[in-house]
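J.: First, the structure itself, so that you have it in front of you.
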Amino acid sequence: MLTWVDVRMPSIELDRSYLIYIDPDAGAEVRLADALQKRAQGGAIGVVTDETVAMLHWERIEAALRDRGMRVVSVVVPDGESSKTLSRAETVAENWVRGGLDRKSVVLALGGGVVGDLGGFVASVFLRGVPYVQVPTTLLAQVDSSVGGKTGVNLPSGKNLMGTFHQPLFVYADMSTLTTLSERDVSSGLAEIVKHGVIADPSLLALLEERAEDARKPIEEPVLLGELVRRSCTIKAQVVAADERETDVGQPGGGRARLNFGHTVGHALESASAHAHSAAGPLRHGEAVALGMLAAARIGVALGPGDPTLEARLEKLLPRLGLPIDLDRRLDAGVLERLNVDKKRSGARIHMVLVDRIGSTVITPVEPARLAEILLGSKPR
Ligand code: NAD
Ligand code: GLY
């Protein structure tokens, strides 16, 4: 049954409030096309997707749009993080201009977090900003990146260093897209659900602990996956609605910044892995967040307020979800050097999100050198 989560912005600009549709039934593309037609008001649709998603899911969505007489200009980018660049953003925009998109057009970002971040970014600056719709096709995008309006691209110095806040018109999670995901990408999405449980909802974490193996099976367990997506989106929507632009770290728990739990060290590991030559290739975003959460748990204890049970609990759960825990093996001075360009720095200090008990966070400013000392100092020799 189609359900939705309401992202209700508290400000007077109610036009930025929106719904996240979670559709588990066959034929979701027809309902997506109907929703889009209502909102597009005759404008053309500028699509951005990646090669894999184009091959697996675009045809049926395109057919549903064309059946309704909608004009579509699509751009397909290569898969993966390397597409989150300014030069790729330029290519997408240039293709839309050549395809005749104008200010009445609506953008459709169809794909995982990479396409969502890139498409949302271009939509926010294309012709000084056009509306867009997120159609997340990875678990990670359905539970996290498609919600909340953060868009962006990477710079050579680090992840997401250029970006905007641009809320979508709506989010449409067609749950059937999860059935074609690789095991590794299912696991990557589960990491962000773990994060939501750890920072905001002990019962969500307990559900994952109870059904870890089932959560890795979107084909056999669609009801469980639907529940995990809905509960994650509800948490993210509440946090974003209370502090849309991540400016209110003074809120209890640290406002939107709490969603960055695991991301400080996680981003550094993810960027470092993109330049390393390993058989497994670069870390997936969720894999990096899993390792980053372990690091944050350890740092929390070293600095004082951290829950002393968290690291061991995560070490037990993450492998059951197909996620890595080999933090010590991956930490080195080069990785920690990358913490210096993390955008969550304030002055010379990094705002670390720490968990003082499951479901509760505190933000602690800390010198990068102190983080390095804690992490390298705790490595087994
Ligand atoms: P991704 O978009 O690279 O997708 C992972 C892989 O899955 C890609 O190869 C893609 O082609 C493939 N894929 C996508 N949908 C598929 C499907 N239905 N079936 C089979 N394959 C499919 O990565 P991701 O993990 O979705 O997202 C990671 C990105 O999201 C990172 O860049 C991260 O920084 C960003 N992110 C953004 C936010 C935000 O709030 N904006 C939050 C979290 C993460
Ligand atoms: N993923 C962090 C945020 O959306 O704020």
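Labeling convention for the structure tokens: chains A, B, ... as they appear, residues from 1 per chain, ligands from 1 in order of appearance.
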Taking 4 positions as the minimum chain separation for residues in the same chain, which residues sit within 12 Å of Gly334 in chain A when counting only C-alpha atoms? Answer as an MDAnalysis selection string.
T.: chainID A and resid 265 268:269 271:273 275:276 330 338:340 372 376
J.: Could you build a table of the residues in range 140-234 of chain A lying no more than 12 Å from range 44-59 of chain A, giving for each the nearest pair of atoms and their separation in Å rounded to one decimal place, using only C-alpha atoms, ordered by chain and ascending residue number, as JSON lines?
T.:
```
{"residue": "A:Asp174", "atom": "CA", "partner": "A:His57", "partner_atom": "CA", "distance": 10.3}
{"residue": "A:Met175", "atom": "CA", "partner": "A:His57", "partner_atom": "CA", "distance": 11.8}
{"residue": "A:Ser176", "atom": "CA", "partner": "A:His57", "partner_atom": "CA", "distance": 9.7}
{"residue": "A:Thr177", "atom": "CA", "partner": "A:His57", "partner_atom": "CA", "distance": 7.3}
{"residue": "A:Leu178", "atom": "CA", "partner": "A:His57", "partner_atom": "CA", "distance": 10.7}
{"residue": "A:Thr179", "atom": "CA", "partner": "A:Leu56", "partner_atom": "CA", "distance": 10.6}
{"residue": "A:Thr180", "atom": "CA", "partner": "A:Leu56", "partner_atom": "CA", "distance": 7.8}
{"residue": "A:Leu181", "atom": "CA", "partner": "A:Val53", "partner_atom": "CA", "distance": 9.8}
{"residue": "A:Ser182", "atom": "CA", "partner": "A:Thr52", "partner_atom": "CA", "distance": 11.2}
```
J.: Emit the selected residues as a PDB file, in the first residue's frame, including N, CA and C atoms.
T.:
```pdb
ATOM      1  N   ASP A 174      10.136   4.262  -5.280  1.00  0.00           N
ATOM      2  CA  ASP A 174       9.539   3.064  -5.897  1.00  0.00           C
ATOM      3  C   ASP A 174      10.336   1.882  -5.338  1.00  0.00           C
ATOM      4  N   MET A 175       9.713   1.164  -4.391  1.00  0.00           N
ATOM      5  CA  MET A 175      10.448   0.124  -3.661  1.00  0.00           C
ATOM      6  C   MET A 175      10.913  -1.020  -4.571  1.00  0.00           C
ATOM      7  N   SER A 176      10.265  -1.182  -5.718  1.00  0.00           N
ATOM      8  CA  SER A 176      10.652  -2.299  -6.595  1.00  0.00           C
ATOM      9  C   SER A 176      12.069  -2.099  -7.133  1.00  0.00           C
ATOM     10  N   THR A 177      12.551  -0.853  -7.161  1.00  0.00           N
ATOM     11  CA  THR A 177      13.905  -0.631  -7.695  1.00  0.00           C
ATOM     12  C   THR A 177      14.966  -1.320  -6.816  1.00  0.00           C
ATOM     13  N   LEU A 178      14.631  -1.541  -5.542  1.00  0.00           N
ATOM     14  CA  LEU A 178      15.628  -2.147  -4.639  1.00  0.00           C
ATOM     15  C   LEU A 178      15.934  -3.600  -5.002  1.00  0.00           C
ATOM     16  N   THR A 179      15.035  -4.226  -5.757  1.00  0.00           N
ATOM     17  CA  THR A 179      15.227  -5.653  -6.056  1.00  0.00           C
ATOM     18  C   THR A 179      16.383  -5.879  -7.026  1.00  0.00           C
ATOM     19  N   THR A 180      16.859  -4.834  -7.703  1.00  0.00           N
ATOM     20  CA  THR A 180      17.971  -5.028  -8.640  1.00  0.00           C
ATOM     21  C   THR A 180      19.310  -4.566  -8.047  1.00  0.00           C
ATOM     22  N   LEU A 181      19.286  -4.101  -6.813  1.00  0.00           N
ATOM     23  CA  LEU A 181      20.523  -3.587  -6.189  1.00  0.00           C
ATOM     24  C   LEU A 181      21.515  -4.701  -5.892  1.00  0.00           C
ATOM     25  N   SER A 182      22.799  -4.389  -5.973  1.00  0.00           N
ATOM     26  CA  SER A 182      23.819  -5.364  -5.564  1.00  0.00           C
ATOM     27  C   SER A 182      23.767  -5.533  -4.039  1.00  0.00           C
TER      28      SER A 182
END
```
J.: Find the residues of chain A that sit at most 7 Å from ligand 1; for each, write down the nearest two atoms and how far apart they are in Å, to one decimal. Count only C-alpha atoms and all ligand atoms. Sort by chain, then by number going up, and give it as a Markdown table.
T.:
```
| residue | atom | partner | partner_atom_place_in_ligand_line | distance |
| --- | --- | --- | --- | --- |
| A:Asp50 | CA | ligand 1 | 11 (O) | 5.7 |
| A:Glu51 | CA | ligand 1 | 11 (O) | 6.3 |
| A:Thr52 | CA | ligand 1 | 11 (O) | 4.6 |
| A:Val53 | CA | ligand 1 | 16 (C) | 5.4 |
| A:Leu56 | CA | ligand 1 | 19 (N) | 6.8 |
| A:Asp79 | CA | ligand 1 | 11 (O) | 4.6 |
| A:Gly80 | CA | ligand 1 | 3 (O) | 3.9 |
| A:Glu81 | CA | ligand 1 | 3 (O) | 5.5 |
| A:Lys84 | CA | ligand 1 | 32 (O) | 7.0 |
| A:Gly111 | CA | ligand 1 | 15 (N) | 5.0 |
| A:Gly112 | CA | ligand 1 | 2 (O) | 3.2 |
| A:Gly113 | CA | ligand 1 | 27 (O) | 3.2 |
| A:Val114 | CA | ligand 1 | 2 (O) | 3.8 |
| A:Val115 | CA | ligand 1 | 2 (O) | 5.6 |
| A:Asp117 | CA | ligand 1 | 41 (N) | 5.4 |
| A:Thr137 | CA | ligand 1 | 15 (N) | 4.3 |
| A:Thr138 | CA | ligand 1 | 15 (N) | 4.5 |
| A:Leu139 | CA | ligand 1 | 26 (O) | 6.8 |
| A:Leu140 | CA | ligand 1 | 26 (O) | 5.0 |
| A:Ala141 | CA | ligand 1 | 26 (O) | 5.0 |
| A:Asp144 | CA | ligand 1 | 42 (C) | 5.2 |
| A:Ser145 | CA | ligand 1 | 38 (C) | 3.5 |
| A:Ser146 | CA | ligand 1 | 41 (N) | 6.3 |
| A:Val147 | CA | ligand 1 | 40 (O) | 6.5 |
| A:Gly148 | CA | ligand 1 | 40 (O) | 6.1 |
| A:Gly149 | CA | ligand 1 | 41 (N) | 6.6 |
| A:Lys150 | CA | ligand 1 | 41 (N) | 4.3 |
| A:Thr151 | CA | ligand 1 | 41 (N) | 5.1 |
| A:Lys159 | CA | ligand 1 | 34 (O) | 6.8 |
| A:Asn160 | CA | ligand 1 | 34 (O) | 6.7 |
| A:Thr177 | CA | ligand 1 | 18 (N) | 4.2 |
| A:Leu178 | CA | ligand 1 | 18 (N) | 5.0 |
| A:Thr179 | CA | ligand 1 | 18 (N) | 6.9 |
| A:Thr180 | CA | ligand 1 | 19 (N) | 4.1 |
| A:Leu181 | CA | ligand 1 | 20 (C) | 3.7 |
| A:Ser182 | CA | ligand 1 | 20 (C) | 6.1 |
| A:Asp185 | CA | ligand 1 | 5 (C) | 6.0 |
| A:Ser188 | CA | ligand 1 | 25 (O) | 6.3 |
| A:Gly189 | CA | ligand 1 | 25 (O) | 6.5 |
| A:Arg284 | CA | ligand 1 | 25 (O) | 6.2 |
| A:His285 | CA | ligand 1 | 28 (C) | 5.2 |
| A:Gly286 | CA | ligand 1 | 25 (O) | 6.5 |
```
J.: Using N, CA and C atoms, can you write the selected residues to a file as a compact mmCIF listing (two decimals), in the first residue's frame?
T.:
```
# COMPACT_ATOMS: atom_id res chain seq x y z
N ASP A 50 21.91 7.49 -14.07
CA ASP A 50 23.23 6.94 -14.41
C ASP A 50 23.07 5.71 -15.31
N GLU A 51 24.19 5.18 -15.79
CA GLU A 51 24.13 4.13 -16.82
C GLU A 51 23.36 2.89 -16.34
N THR A 52 23.66 2.46 -15.12
CA THR A 52 23.00 1.24 -14.62
C THR A 52 21.51 1.46 -14.44
N VAL A 53 21.14 2.57 -13.85
CA VAL A 53 19.71 2.82 -13.60
C VAL A 53 18.98 3.05 -14.92
N LEU A 56 18.23 -0.36 -16.22
CA LEU A 56 17.31 -1.20 -15.45
C LEU A 56 15.91 -0.61 -15.27
N ASP A 79 28.21 5.76 -13.83
CA ASP A 79 27.91 5.36 -12.44
C ASP A 79 29.00 5.87 -11.49
N GLY A 80 28.59 6.15 -10.28
CA GLY A 80 29.56 6.27 -9.19
C GLY A 80 29.95 7.70 -8.85
N GLU A 81 30.67 7.76 -7.73
CA GLU A 81 31.06 9.02 -7.11
C GLU A 81 31.80 9.96 -8.06
N LYS A 84 30.14 13.04 -9.44
CA LYS A 84 29.75 14.21 -8.63
C LYS A 84 30.81 15.30 -8.76
N GLY A 111 17.94 7.87 -9.48
CA GLY A 111 19.14 7.09 -9.20
C GLY A 111 19.47 7.08 -7.73
N GLY A 112 20.72 6.75 -7.45
CA GLY A 112 21.19 6.73 -6.07
C GLY A 112 21.58 8.13 -5.61
N GLY A 113 22.32 8.15 -4.51
CA GLY A 113 22.70 9.43 -3.92
C GLY A 113 23.56 10.29 -4.83
N VAL A 114 24.35 9.65 -5.69
CA VAL A 114 25.20 10.42 -6.59
C VAL A 114 24.35 11.22 -7.56
N VAL A 115 23.41 10.54 -8.20
CA VAL A 115 22.53 11.23 -9.16
C VAL A 115 21.65 12.26 -8.43
N ASP A 117 22.33 13.93 -5.64
CA ASP A 117 23.13 15.10 -5.24
C ASP A 117 23.50 15.95 -6.46
N THR A 137 16.71 5.34 -6.13
CA THR A 137 16.66 3.92 -6.53
C THR A 137 17.63 3.05 -5.73
N THR A 138 18.43 3.64 -4.83
CA THR A 138 19.22 2.81 -3.92
C THR A 138 18.60 2.91 -2.53
N LEU A 139 18.91 1.92 -1.70
CA LEU A 139 18.39 1.97 -0.33
C LEU A 139 18.94 3.21 0.37
N LEU A 140 20.22 3.50 0.13
CA LEU A 140 20.82 4.66 0.78
C LEU A 140 20.08 5.94 0.41
N ALA A 141 19.74 6.06 -0.87
CA ALA A 141 19.04 7.28 -1.31
C ALA A 141 17.62 7.31 -0.76
N ASP A 144 17.88 8.20 3.04
CA ASP A 144 18.68 9.33 3.50
C ASP A 144 18.83 10.44 2.46
N SER A 145 19.61 10.18 1.39
CA SER A 145 20.07 11.32 0.59
C SER A 145 18.99 12.04 -0.20
N SER A 146 17.86 11.36 -0.51
CA SER A 146 16.83 12.03 -1.31
C SER A 146 16.00 13.00 -0.46
N VAL A 147 16.15 12.91 0.85
CA VAL A 147 15.33 13.70 1.77
C VAL A 147 16.17 14.81 2.39
N GLY A 148 15.65 16.00 2.43
CA GLY A 148 16.33 17.05 3.19
C GLY A 148 16.97 18.14 2.38
N GLY A 149 17.06 17.97 1.05
CA GLY A 149 17.44 19.09 0.19
C GLY A 149 18.92 19.42 0.12
N LYS A 150 19.79 18.57 0.70
CA LYS A 150 21.23 18.84 0.52
C LYS A 150 21.63 18.34 -0.86
N THR A 151 22.26 19.22 -1.65
CA THR A 151 22.73 18.82 -2.98
C THR A 151 24.22 19.13 -3.04
N LYS A 159 34.89 15.75 -0.17
CA LYS A 159 33.51 15.49 -0.59
C LYS A 159 32.57 16.64 -0.29
N ASN A 160 31.64 16.84 -1.20
CA ASN A 160 30.50 17.77 -1.00
C ASN A 160 30.95 19.18 -0.64
N THR A 177 12.55 -0.85 -7.16
CA THR A 177 13.91 -0.63 -7.70
C THR A 177 14.97 -1.32 -6.82
N LEU A 178 14.63 -1.54 -5.54
CA LEU A 178 15.63 -2.15 -4.64
C LEU A 178 15.93 -3.60 -5.00
N THR A 179 15.03 -4.23 -5.76
CA THR A 179 15.23 -5.65 -6.06
C THR A 179 16.38 -5.88 -7.03
N THR A 180 16.86 -4.83 -7.70
CA THR A 180 17.97 -5.03 -8.64
C THR A 180 19.31 -4.57 -8.05
N LEU A 181 19.29 -4.10 -6.81
CA LEU A 181 20.52 -3.59 -6.19
C LEU A 181 21.52 -4.70 -5.89
N SER A 182 22.80 -4.39 -5.97
CA SER A 182 23.82 -5.36 -5.56
C SER A 182 23.77 -5.53 -4.04
N ASP A 185 25.43 -2.71 -2.27
CA ASP A 185 24.70 -1.44 -2.16
C ASP A 185 23.52 -1.54 -1.19
N SER A 188 25.24 -0.97 2.05
CA SER A 188 25.61 0.45 2.19
C SER A 188 24.43 1.27 2.71
N GLY A 189 23.24 1.01 2.16
CA GLY A 189 22.05 1.73 2.63
C GLY A 189 21.71 1.40 4.07
N ARG A 284 32.08 2.20 -0.55
CA ARG A 284 30.75 2.78 -0.75
C ARG A 284 30.53 3.79 0.38
N HIS A 285 29.63 4.75 0.13
CA HIS A 285 29.39 5.77 1.14
C HIS A 285 28.97 5.13 2.48
N GLY A 286 28.05 4.18 2.42
CA GLY A 286 27.56 3.56 3.66
C GLY A 286 28.64 2.76 4.37
```
J.: How would you report the residues lying within 12 Å of ligand 2, as a ChimeraX atom specification, if you count only C-alpha atoms and all ligand atoms?
T.: /A:113,117,140-152,160,164-167,191-193,195-196,232-233,235-247,254-264,266-267,285-286,289,344,353
J.: Calculated over only C-alpha atoms, which of the candidates A:Ile325, A:Val335, A:Val135, A:Met352 has the smallest distance to Gly158 in chain A?
T.: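 Selected residue with least distance to Gly158 in chain A: A:Val335.
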J.: Hey, which of A:Val133, A:Leu19, A:Leu65, A:Val75 ends up closest to Arg230 in chain A? Count only C-alpha atoms.
T.: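 Closest to Arg230 in chain A of all the choices is A:Leu19.
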